[in-house]
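Asker: Handing you a structure now.
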Amino acid sequence: MGTFLQNVRYAVRSLRKSPGFTLIAVLALALGIGANSAVFSVVNGVLLNPPPFTQPERLVHIWGNYAKANIKDIVVSVPEYRDYLTMPKAFGSLAAFDANNVTLTGGDAPERLQLTRSTASLFPTLGVSPVLGRAFSEEEEALGRDKVVVLTHKTWRTRFAADSSVLGRELRLDGDTYTVVGVLPPGVEYPADTDLYAPLAPTQEQAAEVSRGYHFLSVVGRLKPGMTLEAAKADMDRVGREMETLYEQSYKDYGWTITVKSLEDEVVGQVRGTLWLLLGAVGFVLLVACSSVANLLLARATARAREVSIRAALGASRGRLVAQFLTESLVLSAVGGGLGLLLAVWGTDALVAMVGDGLPRAAEVGLDVSSVLFTVGISVLTGVGFGLVPALQASRVDLSATMREGSRGTEGGKAGRLRAGLVVGQVAFALVLLVGAGLFLRSFQALTQVEAGFTPEGVLTGQLVLPATSYAKPEDQRAFQRELLRRVQALPGVESAAVANMLPLGGKTNTSFDVEGRTRAPGEMWPAVETRFASADYLRTLRVRLRDGRMLQETDGPDAAGAVVINQTFADLYWPKGDALGQRLKLHRSDARWATVVGIVDDLREWGLDKPARPTAYYSAVQTPLSSLHLVARVKAGDPESLRTALESEVRALDGNLPLFKVTSMVRLVDESIGSQRLTALLMGLFAGTALLLAALGISGVIGYSVAQRTREMGIRMALGAAKSDVLALVLRQGMKLAGLGVLLGLVLSLVLARLLSTLLYGVTAYDPWTFAGVAALLSGVALGATWLPAHRATRVDPIIALKAE
């Protein structure tokens with residue numbers, strides 16, 4: 001220990017004597033380590049840390065599918081859930097739930113909360129128990145029982161100040177009184193964003209066998225001990241076939257199948273590939289940083305050759321010299337790691353903020369013990385990694401050669417080859433990152449150029465949920481909708497306003513349908529249609545172009561003939577001859593009636609900009625009133641955010657118990673829909689830019705050191721008649737040779753790794769030749785610029801001074 005502390009003290013003194021070298025090395029390491037720690041913190045919180053459930057690997061989510069209609073991953077009905085409780089053999093327990101927005105009243109202002117109504121088996125299935133109070137029981141699932149709620153830990157902490165006396169407190173939710181009976185442990189929020197839980201009490205209509213097609217329940221299950229996911233899938237395949245046989249009338253036209261997915265895939269599957277990609281990318285940045293510092297250490301070791309020789313002559317062993325150099329490397333990595341940890345604290349918060357709601361388990365992301373241990377670990381490994389080779393090289397002492405005067409001449413040997421090899425590696429790693437960044441940038445550009453089918457600029461949106469206790473009847477919902485639109489349209493600066501059940505880019509509805517006069521072959525089912533229920537001015541407010549016929553009108557009321565507007569994709573798919581107008585459709589819904597196609601509009605991207613347009617039908621929200629609605633208002637000019645206060649005031653004036661929530665501009669909604677792609681392109685660009693800068697510094701440093709070592713050679717060449725252009729070309733060739741080798745190696749690595757990116761790209765192939773060529777040209781140009789300065793310096797060598805210096 002005494003020797004180690006002595007080495008540390010000597011290392012600190014030595015590094016303090018070279019502040020420029022120390023600063024550059026520490027900053028390079030801090031960037032590499034900090035970026036790795038920040039991304040690892042996100043990966044750790046989202047992917048690696050197990051969710052707060054007992055044996056989460058045994059939890060699965062169960063979906064239904066109408067295979068013939070190409071309708072996938074649909075929720076189930078109460079009768080289907082009853083079948084799942086008895087027919088499968090794979091599950092130890094099952095639970096069903098349904099999440100909806102409710103309004104909490106009784107405070108200063110109404111608040112919107114997410115209430116998950118679940119069976120009492122949900123908490124035992126997940127393997128969690130309340131930390132305060134109790135969960136609800138099966139007896140409390142019956143209609144008419146006292147209403148109780150269990151709070152999530154987040155809700156208990158943020159809305160009730162973690163008050164332990166919250167048990168027994170009464171809450172007013174959508175006009176009904178509920179009693180708080182329990183508080184869950186931290187992190188238990190399944191499904192995501194749940195604020196509180198209440199017993200699921202289906203109505204008689206929902207539980208009736210004739211409601212087998214009324215799908216609204218999500219189902220989660222726990223596999224029996226020893227049961228694998230594949231075995232559970234096979235078991236549910238059997239159950240699906242038996243259900244088709246038992247309930248032929250309900251399923252014969254649809255092709256009923258059942259999908260079983262691990263709960264982990266269900267929660268984080270969409271971001272897993274992107275997060276691992278980013279972690280791999282910052283790993284390349286760290287490799288480039290390590291190569292840069294290793295190069296600096298090799299150059300520094302060469303400059304300290306006389307010092308090392310003197311120490312060896314005084315009796316220092318090679319092991320002692322290696323230990324000293326490694327200690328210096330570890331001191332550098334420790335300081336760089338400490339600074340990197342500070343950068344990671346900021347970087348982790350910035351990453352989570354940039355991703356926003358698109359990151360699952362975001363609340364569990366943070367710089368925890370695992371993240372700190374990871375930072376310490378990579379700091380130590382980095383210190384050994386970039387320091388070992390320079391230490392071994394520097395400790396090889398040739399006393400006679402080093403102590404002789406005039407030993408400087410040309411750079412060569414193993415040290416020179418090592419430095420050149422490190423530069424080649426830096427260039428190769430930088431090119432891999434640049435190719436990835438280029439592909440994601442082109443992919444993001446392709447997304448931004450997609451025609452969404454509507455004009456988001458100038459539109460403000462907000463959501464409302466009408467509680468059943470106050471708006472149970474369709475006429476009550478119509479009256480609220482009509483009065484709300486009248487008030488909003490009368491506001492100064494409002495051009496038009498409308499309501500709809502769902503906004504563009506907002507999700508899936510997947511409803512099957514029939515066409516009047518058109519029969520289906522036995523067993524045939526047409527692909528599902530997207531359904532939107534909207535007021536008359538909805539499409540006009542979004543400025544969707546009418547191609548044929550007319551838009552929905554106020555006259556399309558409850559007593560008028562059913563009317564529907566369809567998009568061009570729907571018309572082309574089912575009426576390619578152009579005779580869609582006048583045709584009649586009927587959705588497979590209990591409240592559906594025949595509706596006549598009165599208009600055809602442009603396609604809207606209902607599932608997202610990166611998803612193709614789907615057949616979509618727009619029905620009148622007056623004919624089918626809404627209890628959950630999105631309000632959209634277009635301003636005549638200016639910023640739509642200026643309407644926020646006025647819209648909230650009008651809603652309060654109309655019903656003081658209703659909050660208008662998620663108020664935001666349509667432009668922001670469009671931006672958020674491609675937020676993950678933007679973040680990936682941005683981070684890959686930052687990582688690639690950092691690697692490019694480090695690679696350029698590496699090339700410049702190696703060539704500059706080579707020029708310094710070859711000063712005498714340059715002087716002799718110029719003394720013998722070599723022109724400055726010859727010396728310039730000589731040095732440039734040396735730098736571009738290293739860069740060229742790095743580019744070739746990087747292209748090979750990029751081609752190998754590019755196929756891993758194919759599923760994450762849109763509108764560009766993983767082997768896009770323009771990206772590869774452009775990146776290779778960019779890197780070559782940067783390498784030329786990095787080589788130019790030391791090359792130009794070489795042309796200014798005075799032959800007389802150079803020869804005298806030797």
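A note on labels: chains of the structure tokens are A, B, ... as shown, every chain counts residues from 1, and ligands are counted from 1 in their shown order.
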Enumerate, in order of chain and increasing residue number, the residues of segment 104-162 of chain A with an atom no farther than 8 Å from segment 196-206 of chain A, each with its shortest atom pair and distance in Å to one decimal, counting only C-alpha atoms, as JSON lines.
Answerer:
{"residue": "A:Leu113", "atom": "CA", "partner": "A:Leu196", "partner_atom": "CA", "distance": 7.8}
{"residue": "A:Gln114", "atom": "CA", "partner": "A:Leu196", "partner_atom": "CA", "distance": 6.8}
{"residue": "A:Leu115", "atom": "CA", "partner": "A:Leu196", "partner_atom": "CA", "distance": 5.2}
{"residue": "A:Thr116", "atom": "CA", "partner": "A:Tyr197", "partner_atom": "CA", "distance": 4.8}
{"residue": "A:Arg117", "atom": "CA", "partner": "A:Leu200", "partner_atom": "CA", "distance": 4.6}
{"residue": "A:Ser118", "atom": "CA", "partner": "A:Leu200", "partner_atom": "CA", "distance": 4.6}
{"residue": "A:Thr119", "atom": "CA", "partner": "A:Leu200", "partner_atom": "CA", "distance": 5.3}
{"residue": "A:Ala120", "atom": "CA", "partner": "A:Pro199", "partner_atom": "CA", "distance": 6.6}
{"residue": "A:Phe136", "atom": "CA", "partner": "A:Pro199", "partner_atom": "CA", "distance": 6.8}
{"residue": "A:Glu140", "atom": "CA", "partner": "A:Pro199", "partner_atom": "CA", "distance": 6.4}
{"residue": "A:Glu141", "atom": "CA", "partner": "A:Ala201", "partner_atom": "CA", "distance": 4.8}
{"residue": "A:Ala142", "atom": "CA", "partner": "A:Ala201", "partner_atom": "CA", "distance": 5.4}
{"residue": "A:Leu143", "atom": "CA", "partner": "A:Ala201", "partner_atom": "CA", "distance": 5.5}
{"residue": "A:Lys147", "atom": "CA", "partner": "A:Ala198", "partner_atom": "CA", "distance": 7.5}
{"residue": "A:Val148", "atom": "CA", "partner": "A:Ala198", "partner_atom": "CA", "distance": 6.0}
{"residue": "A:Val149", "atom": "CA", "partner": "A:Ala198", "partner_atom": "CA", "distance": 4.6}
{"residue": "A:Val150", "atom": "CA", "partner": "A:Tyr197", "partner_atom": "CA", "distance": 5.1}
{"residue": "A:Leu151", "atom": "CA", "partner": "A:Leu196", "partner_atom": "CA", "distance": 4.4}
{"residue": "A:Thr152", "atom": "CA", "partner": "A:Leu196", "partner_atom": "CA", "distance": 5.6}
{"residue": "A:Thr155", "atom": "CA", "partner": "A:Leu196", "partner_atom": "CA", "distance": 7.4}
Asker: Those residues you just picked out, can you put them in a file as a short mmCIF file (atom, residue, chain, number, x, y, z; two decimals), in the first residue's frame with C-alpha atoms?
Answerer:
data_model
loop_
_atom_site.label_atom_id
_atom_site.label_comp_id
_atom_site.auth_asym_id
_atom_site.auth_seq_id
_atom_site.Cartn_x
_atom_site.Cartn_y
_atom_site.Cartn_z
CA LEU A 113 -56.48 10.92 -12.85
CA GLN A 114 -56.04 7.54 -14.47
CA LEU A 115 -58.16 4.93 -12.73
CA THR A 116 -57.48 1.27 -13.46
CA ARG A 117 -60.43 -0.96 -12.65
CA SER A 118 -59.15 -4.48 -12.10
CA THR A 119 -60.11 -7.83 -10.72
CA ALA A 120 -58.96 -8.48 -7.17
CA PHE A 136 -59.71 -4.94 -2.43
CA GLU A 140 -65.96 -5.90 -3.68
CA GLU A 141 -66.06 -6.58 -7.43
CA ALA A 142 -69.86 -6.90 -7.31
CA LEU A 143 -72.00 -4.03 -8.55
CA LYS A 147 -66.58 1.76 -3.71
CA VAL A 148 -62.93 1.49 -2.63
CA VAL A 149 -59.62 2.55 -4.18
CA VAL A 150 -55.97 1.64 -3.74
CA LEU A 151 -53.48 4.46 -4.40
CA THR A 152 -50.20 4.13 -6.21
CA THR A 155 -50.28 9.44 -6.07
#
Asker: List the spatial neighbours of Val8 of chain A as an mmCIF file with N, CA and C atoms, in the first residue's frame - criterion: any atom at most 9 Å away, only C-alpha atoms, same-chain residues fewer than 6 positions off excluded.
Answerer:
data_model
loop_
_atom_site.group_PDB
_atom_site.id
_atom_site.type_symbol
_atom_site.label_atom_id
_atom_site.label_comp_id
_atom_site.auth_asym_id
_atom_site.auth_seq_id
_atom_site.Cartn_x
_atom_site.Cartn_y
_atom_site.Cartn_z
ATOM 1 N N GLN A 324 4.164 2.398 -12.230
ATOM 2 C CA GLN A 324 4.097 3.847 -12.159
ATOM 3 C C GLN A 324 3.279 4.426 -13.312
ATOM 4 N N THR A 327 -0.333 3.632 -12.854
ATOM 5 C CA THR A 327 -0.913 4.493 -11.815
ATOM 6 C C THR A 327 -1.287 5.847 -12.388
ATOM 7 N N GLU A 328 -0.445 6.404 -13.242
ATOM 8 C CA GLU A 328 -0.773 7.669 -13.889
ATOM 9 C C GLU A 328 -2.033 7.532 -14.741
ATOM 10 N N VAL A 331 -5.009 7.375 -12.426
ATOM 11 C CA VAL A 331 -5.327 8.699 -11.878
ATOM 12 C C VAL A 331 -6.095 9.516 -12.908
#
Asker: Which residue is closest to Leu626 of chain A? Choose from A:Pro474, A:Gly781, A:Gly221, A:Pro390 and count only C-alpha atoms.
Answerer: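 Closest residue, counting only C-alpha atoms: A:Pro474.
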Asker: Among segment 27-65 of chain A, which ones does DSSP assign to strand (DSSP E or B) (computed from the backbone)? Answer as a list in words.
Answerer: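 Residues meeting the strand (DSSP E or B) criterion: Leu59, Val60, His61, Ile62, Trp63, Gly64 and Asn65 of chain A.
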Asker: Can you list, as a list in words, every protein, DNA or RNA residue that comes within 12 Å of Trp156 of chain A when you count only C-alpha atoms, leaving out same-chain residues fewer than 3 positions away?
Answerer: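 Result of the neighbour search: Pro130, Val131, Leu132, Val149, Val150, Leu151, Thr152, His153, Arg159, Phe160, Ala161, Ala162, Asp163, Ser164, Ser165, Val166, Leu167, Arg169, Val180, Val181, Gly182, Val183, Leu184, Pro185, Pro186, Asp195 and Leu196 of chain A.
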Asker: Give the alpha helix (DSSP H) residues of segment 233-296 of chain A, as assigned by DSSP on the backbone, as number ranges by chain.
Answerer: A: 233-246, 248-251, 263-296
Asker: Could you take the residues named above and write them with N, CA and C atoms, as a short mmCIF file (atom, residue, chain, number, x, y, z; two decimals), in the first residue's frame?
Answerer:
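Dumped to part-v2.cif:
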data_model
loop_
_atom_site.label_atom_id
_atom_site.label_comp_id
_atom_site.auth_asym_id
_atom_site.auth_seq_id
_atom_site.Cartn_x
_atom_site.Cartn_y
_atom_site.Cartn_z
N LYS A 233 -47.85 -20.46 -25.05
CA LYS A 233 -48.37 -20.10 -26.38
C LYS A 233 -49.08 -21.29 -27.01
N ALA A 234 -48.48 -22.48 -26.91
CA ALA A 234 -49.11 -23.67 -27.47
C ALA A 234 -50.43 -23.97 -26.76
N ASP A 235 -50.45 -23.78 -25.45
CA ASP A 235 -51.67 -24.02 -24.68
C ASP A 235 -52.79 -23.07 -25.12
N MET A 236 -52.45 -21.79 -25.33
CA MET A 236 -53.47 -20.83 -25.74
C MET A 236 -53.88 -21.00 -27.19
N ASP A 237 -53.01 -21.55 -28.02
CA ASP A 237 -53.42 -21.92 -29.38
C ASP A 237 -54.54 -22.95 -29.31
N ARG A 238 -54.38 -23.92 -28.42
CA ARG A 238 -55.42 -24.93 -28.22
C ARG A 238 -56.71 -24.29 -27.73
N VAL A 239 -56.59 -23.39 -26.77
CA VAL A 239 -57.78 -22.72 -26.24
C VAL A 239 -58.49 -21.94 -27.34
N GLY A 240 -57.73 -21.25 -28.20
CA GLY A 240 -58.34 -20.50 -29.28
C GLY A 240 -59.14 -21.39 -30.22
N ARG A 241 -58.59 -22.55 -30.54
CA ARG A 241 -59.31 -23.48 -31.43
C ARG A 241 -60.58 -24.00 -30.75
N GLU A 242 -60.49 -24.29 -29.46
CA GLU A 242 -61.67 -24.78 -28.75
C GLU A 242 -62.75 -23.70 -28.67
N MET A 243 -62.34 -22.45 -28.47
CA MET A 243 -63.32 -21.37 -28.41
C MET A 243 -64.01 -21.19 -29.75
N GLU A 244 -63.27 -21.33 -30.84
CA GLU A 244 -63.89 -21.24 -32.16
C GLU A 244 -64.95 -22.32 -32.35
N THR A 245 -64.66 -23.49 -31.82
CA THR A 245 -65.61 -24.60 -31.95
C THR A 245 -66.83 -24.39 -31.05
N LEU A 246 -66.58 -23.96 -29.81
CA LEU A 246 -67.67 -23.80 -28.86
C LEU A 246 -68.58 -22.62 -29.20
N GLU A 248 -69.06 -20.89 -32.30
CA GLU A 248 -68.86 -20.74 -33.75
C GLU A 248 -69.51 -19.47 -34.27
N GLN A 249 -70.69 -19.14 -33.77
CA GLN A 249 -71.39 -17.97 -34.28
C GLN A 249 -70.61 -16.68 -34.01
N SER A 250 -69.85 -16.67 -32.92
CA SER A 250 -69.10 -15.46 -32.56
C SER A 250 -67.79 -15.33 -33.31
N TYR A 251 -67.21 -16.47 -33.72
CA TYR A 251 -65.84 -16.42 -34.23
C TYR A 251 -65.67 -16.97 -35.65
N LEU A 263 -44.51 -9.99 -20.35
CA LEU A 263 -44.86 -8.64 -19.91
C LEU A 263 -43.71 -7.67 -20.17
N GLU A 264 -42.49 -8.16 -20.09
CA GLU A 264 -41.33 -7.30 -20.36
C GLU A 264 -41.36 -6.81 -21.80
N ASP A 265 -41.62 -7.72 -22.76
CA ASP A 265 -41.71 -7.31 -24.16
C ASP A 265 -42.84 -6.33 -24.37
N GLU A 266 -43.93 -6.53 -23.65
CA GLU A 266 -45.08 -5.65 -23.81
C GLU A 266 -44.76 -4.24 -23.34
N VAL A 267 -43.97 -4.13 -22.28
CA VAL A 267 -43.69 -2.82 -21.68
C VAL A 267 -42.55 -2.10 -22.38
N VAL A 268 -41.44 -2.82 -22.67
CA VAL A 268 -40.23 -2.15 -23.16
C VAL A 268 -39.80 -2.63 -24.54
N GLY A 269 -40.58 -3.48 -25.17
CA GLY A 269 -40.15 -4.06 -26.44
C GLY A 269 -39.88 -3.04 -27.53
N GLN A 270 -40.65 -1.94 -27.55
CA GLN A 270 -40.51 -0.96 -28.63
C GLN A 270 -39.24 -0.13 -28.53
N VAL A 271 -38.66 -0.03 -27.32
CA VAL A 271 -37.47 0.80 -27.16
C VAL A 271 -36.21 -0.01 -26.92
N ARG A 272 -36.34 -1.33 -26.78
CA ARG A 272 -35.18 -2.15 -26.44
C ARG A 272 -34.07 -2.01 -27.48
N GLY A 273 -34.41 -2.16 -28.74
CA GLY A 273 -33.39 -2.09 -29.79
C GLY A 273 -32.69 -0.75 -29.84
N THR A 274 -33.47 0.33 -29.71
CA THR A 274 -32.88 1.67 -29.76
C THR A 274 -31.93 1.91 -28.59
N LEU A 275 -32.32 1.48 -27.38
CA LEU A 275 -31.47 1.71 -26.21
C LEU A 275 -30.17 0.93 -26.30
N TRP A 276 -30.24 -0.33 -26.73
CA TRP A 276 -29.00 -1.11 -26.88
C TRP A 276 -28.13 -0.50 -27.97
N LEU A 277 -28.75 0.02 -29.02
CA LEU A 277 -27.98 0.67 -30.08
C LEU A 277 -27.23 1.88 -29.54
N LEU A 278 -27.91 2.71 -28.74
CA LEU A 278 -27.26 3.90 -28.20
C LEU A 278 -26.13 3.52 -27.24
N LEU A 279 -26.33 2.46 -26.46
CA LEU A 279 -25.28 2.03 -25.55
C LEU A 279 -24.07 1.54 -26.34
N GLY A 280 -24.32 0.82 -27.45
CA GLY A 280 -23.21 0.41 -28.29
C GLY A 280 -22.50 1.59 -28.93
N ALA A 281 -23.28 2.61 -29.31
CA ALA A 281 -22.69 3.79 -29.94
C ALA A 281 -21.77 4.54 -28.98
N VAL A 282 -22.22 4.72 -27.72
CA VAL A 282 -21.35 5.43 -26.78
C VAL A 282 -20.14 4.57 -26.41
N GLY A 283 -20.27 3.25 -26.55
CA GLY A 283 -19.11 2.39 -26.36
C GLY A 283 -18.03 2.69 -27.39
N PHE A 284 -18.45 2.94 -28.63
CA PHE A 284 -17.49 3.32 -29.68
C PHE A 284 -16.85 4.67 -29.36
N VAL A 285 -17.64 5.59 -28.81
CA VAL A 285 -17.08 6.89 -28.42
C VAL A 285 -15.99 6.69 -27.37
N LEU A 286 -16.23 5.81 -26.41
CA LEU A 286 -15.24 5.55 -25.37
C LEU A 286 -13.99 4.91 -25.96
N LEU A 287 -14.17 4.03 -26.94
CA LEU A 287 -13.00 3.43 -27.58
C LEU A 287 -12.16 4.49 -28.29
N VAL A 288 -12.82 5.42 -28.96
CA VAL A 288 -12.09 6.50 -29.64
C VAL A 288 -11.37 7.36 -28.61
N ALA A 289 -12.05 7.67 -27.49
CA ALA A 289 -11.43 8.47 -26.45
C ALA A 289 -10.21 7.76 -25.86
N CYS A 290 -10.36 6.46 -25.61
CA CYS A 290 -9.23 5.69 -25.07
C CYS A 290 -8.07 5.67 -26.05
N SER A 291 -8.36 5.53 -27.33
CA SER A 291 -7.30 5.54 -28.34
C SER A 291 -6.57 6.87 -28.34
N SER A 292 -7.34 7.96 -28.19
CA SER A 292 -6.72 9.28 -28.18
C SER A 292 -5.78 9.44 -26.98
N VAL A 293 -6.26 9.02 -25.80
CA VAL A 293 -5.43 9.16 -24.61
C VAL A 293 -4.22 8.24 -24.68
N ALA A 294 -4.43 7.02 -25.21
CA ALA A 294 -3.30 6.11 -25.36
C ALA A 294 -2.23 6.69 -26.27
N ASN A 295 -2.67 7.37 -27.33
CA ASN A 295 -1.73 8.03 -28.24
C ASN A 295 -0.96 9.12 -27.51
N LEU A 296 -1.69 9.90 -26.70
CA LEU A 296 -1.02 10.95 -25.93
C LEU A 296 0.00 10.36 -24.96
#
Asker: When distances are computed from only C-alpha atoms, which of A:Val43, A:Ala723, A:Ala208, A:Leu217 shows the smallest separation from Ala99 of chain A?
Answerer: A:Leu217
Asker: With only C-alpha atoms as the counted atoms, please give the residues lying no more than 9 Å from Gln445 of chain A, apart from itself and same-chain residues fewer than 5 positions off, as a PyMOL selection string.
Answerer: chain A and resi 440+450+763
Asker: Residues near Ala11 of chain A, anyone? I mean within 12 Å using only C-alpha atoms, not counting same-chain ones fewer than 2 positions away, as a PDB file with N, CA and C atoms, in the first residue's frame.
Answerer:
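Okay, this is what ended up in part-v4.pdb:
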ATOM      1  N   PHE A   4       2.022   1.908  -3.484  1.00  0.00           N
ATOM      2  CA  PHE A   4       0.931   2.418  -4.323  1.00  0.00           C
ATOM      3  C   PHE A   4       0.687   3.894  -4.050  1.00  0.00           C
ATOM      4  N   LEU A   5       0.633   4.272  -2.778  1.00  0.00           N
ATOM      5  CA  LEU A   5       0.414   5.676  -2.441  1.00  0.00           C
ATOM      6  C   LEU A   5       1.561   6.549  -2.938  1.00  0.00           C
ATOM      7  N   GLN A   6       2.768   6.001  -2.878  1.00  0.00           N
ATOM      8  CA  GLN A   6       3.919   6.744  -3.400  1.00  0.00           C
ATOM      9  C   GLN A   6       3.775   6.950  -4.904  1.00  0.00           C
ATOM     10  N   ASN A   7       3.322   5.902  -5.603  1.00  0.00           N
ATOM     11  CA  ASN A   7       3.112   6.015  -7.053  1.00  0.00           C
ATOM     12  C   ASN A   7       2.034   7.043  -7.366  1.00  0.00           C
ATOM     13  N   VAL A   8       0.983   7.050  -6.540  1.00  0.00           N
ATOM     14  CA  VAL A   8      -0.094   8.014  -6.771  1.00  0.00           C
ATOM     15  C   VAL A   8       0.422   9.435  -6.593  1.00  0.00           C
ATOM     16  N   ARG A   9       1.171   9.678  -5.518  1.00  0.00           N
ATOM     17  CA  ARG A   9       1.711  11.028  -5.297  1.00  0.00           C
ATOM     18  C   ARG A   9       2.622  11.450  -6.447  1.00  0.00           C
ATOM     19  N   ARG A  13       2.026  14.586  -9.160  1.00  0.00           N
ATOM     20  CA  ARG A  13       3.040  15.623  -9.425  1.00  0.00           C
ATOM     21  C   ARG A  13       3.400  15.649 -10.901  1.00  0.00           C
ATOM     22  N   SER A  14       3.547  14.460 -11.488  1.00  0.00           N
ATOM     23  CA  SER A  14       3.926  14.390 -12.899  1.00  0.00           C
ATOM     24  C   SER A  14       2.856  14.989 -13.795  1.00  0.00           C
ATOM     25  N   LEU A  15       1.584  14.689 -13.504  1.00  0.00           N
ATOM     26  CA  LEU A  15       0.496  15.205 -14.332  1.00  0.00           C
ATOM     27  C   LEU A  15       0.323  16.709 -14.153  1.00  0.00           C
ATOM     28  N   ARG A  16       0.613  17.212 -12.942  1.00  0.00           N
ATOM     29  CA  ARG A  16       0.518  18.654 -12.715  1.00  0.00           C
ATOM     30  C   ARG A  16       1.579  19.414 -13.496  1.00  0.00           C
ATOM     31  N   LYS A  17       2.677  18.760 -13.811  1.00  0.00           N
ATOM     32  CA  LYS A  17       3.723  19.417 -14.596  1.00  0.00           C
ATOM     33  C   LYS A  17       3.342  19.526 -16.072  1.00  0.00           C
ATOM     34  N   SER A  18       2.325  18.748 -16.501  1.00  0.00           N
ATOM     35  CA  SER A  18       1.888  18.788 -17.910  1.00  0.00           C
ATOM     36  C   SER A  18       0.399  19.120 -17.948  1.00  0.00           C
ATOM     37  N   THR A  22      -2.789  16.841 -19.415  1.00  0.00           N
ATOM     38  CA  THR A  22      -3.732  16.339 -18.413  1.00  0.00           C
ATOM     39  C   THR A  22      -5.144  16.812 -18.709  1.00  0.00           C
ATOM     40  N   LEU A 321       8.386   0.320 -13.068  1.00  0.00           N
ATOM     41  CA  LEU A 321       8.096   1.348 -14.072  1.00  0.00           C
ATOM     42  C   LEU A 321       6.697   1.171 -14.659  1.00  0.00           C
ATOM     43  N   ALA A 323       4.140  -0.228 -13.203  1.00  0.00           N
ATOM     44  CA  ALA A 323       3.194   0.163 -12.156  1.00  0.00           C
ATOM     45  C   ALA A 323       3.049   1.672 -12.079  1.00  0.00           C
ATOM     46  N   GLN A 324       4.164   2.398 -12.230  1.00  0.00           N
ATOM     47  CA  GLN A 324       4.097   3.847 -12.159  1.00  0.00           C
ATOM     48  C   GLN A 324       3.279   4.426 -13.312  1.00  0.00           C
ATOM     49  N   PHE A 325       3.546   3.915 -14.528  1.00  0.00           N
ATOM     50  CA  PHE A 325       2.800   4.423 -15.683  1.00  0.00           C
ATOM     51  C   PHE A 325       1.321   4.053 -15.580  1.00  0.00           C
ATOM     52  N   LEU A 326       1.020   2.835 -15.114  1.00  0.00           N
ATOM     53  CA  LEU A 326      -0.378   2.444 -14.957  1.00  0.00           C
ATOM     54  C   LEU A 326      -1.069   3.291 -13.892  1.00  0.00           C
ATOM     55  N   THR A 327      -0.333   3.632 -12.854  1.00  0.00           N
ATOM     56  CA  THR A 327      -0.913   4.493 -11.815  1.00  0.00           C
ATOM     57  C   THR A 327      -1.287   5.847 -12.388  1.00  0.00           C
ATOM     58  N   GLU A 328      -0.445   6.404 -13.242  1.00  0.00           N
ATOM     59  CA  GLU A 328      -0.773   7.669 -13.889  1.00  0.00           C
ATOM     60  C   GLU A 328      -2.033   7.532 -14.741  1.00  0.00           C
ATOM     61  N   SER A 329      -2.136   6.413 -15.461  1.00  0.00           N
ATOM     62  CA  SER A 329      -3.330   6.179 -16.277  1.00  0.00           C
ATOM     63  C   SER A 329      -4.572   6.078 -15.404  1.00  0.00           C
ATOM     64  N   LEU A 330      -4.468   5.375 -14.282  1.00  0.00           N
ATOM     65  CA  LEU A 330      -5.614   5.220 -13.391  1.00  0.00           C
ATOM     66  C   LEU A 330      -6.001   6.541 -12.743  1.00  0.00           C
ATOM     67  N   VAL A 331      -5.009   7.375 -12.426  1.00  0.00           N
ATOM     68  CA  VAL A 331      -5.327   8.699 -11.878  1.00  0.00           C
ATOM     69  C   VAL A 331      -6.095   9.516 -12.908  1.00  0.00           C
ATOM     70  N   LEU A 332      -5.636   9.469 -14.165  1.00  0.00           N
ATOM     71  CA  LEU A 332      -6.353  10.173 -15.231  1.00  0.00           C
ATOM     72  C   LEU A 332      -7.784   9.658 -15.370  1.00  0.00           C
TER      73      LEU A 332
END
Asker: Can you pull out the residues contacting Val748 of chain A? Cut-off 12 Å, using only C-alpha atoms, and skip same-chain residues under 3 positions away; I want them as a PyMOL selection string.
Answerer: chain A and resi 428-429+431-432+435+741-745+751-754+767+772+776
Asker: Rounded to one decimal in Å, what is the spacing between atom CA of Thr511 of chain A and atom CA of Ala613 of chain A?
Answerer: 15.4 Å
Asker: So, counting only C-alpha atoms, which residue among A:Ala791, A:Ala786, A:Leu694, A:Ile24 is closest to Lys724 of chain A?
Answerer: A:Ala791
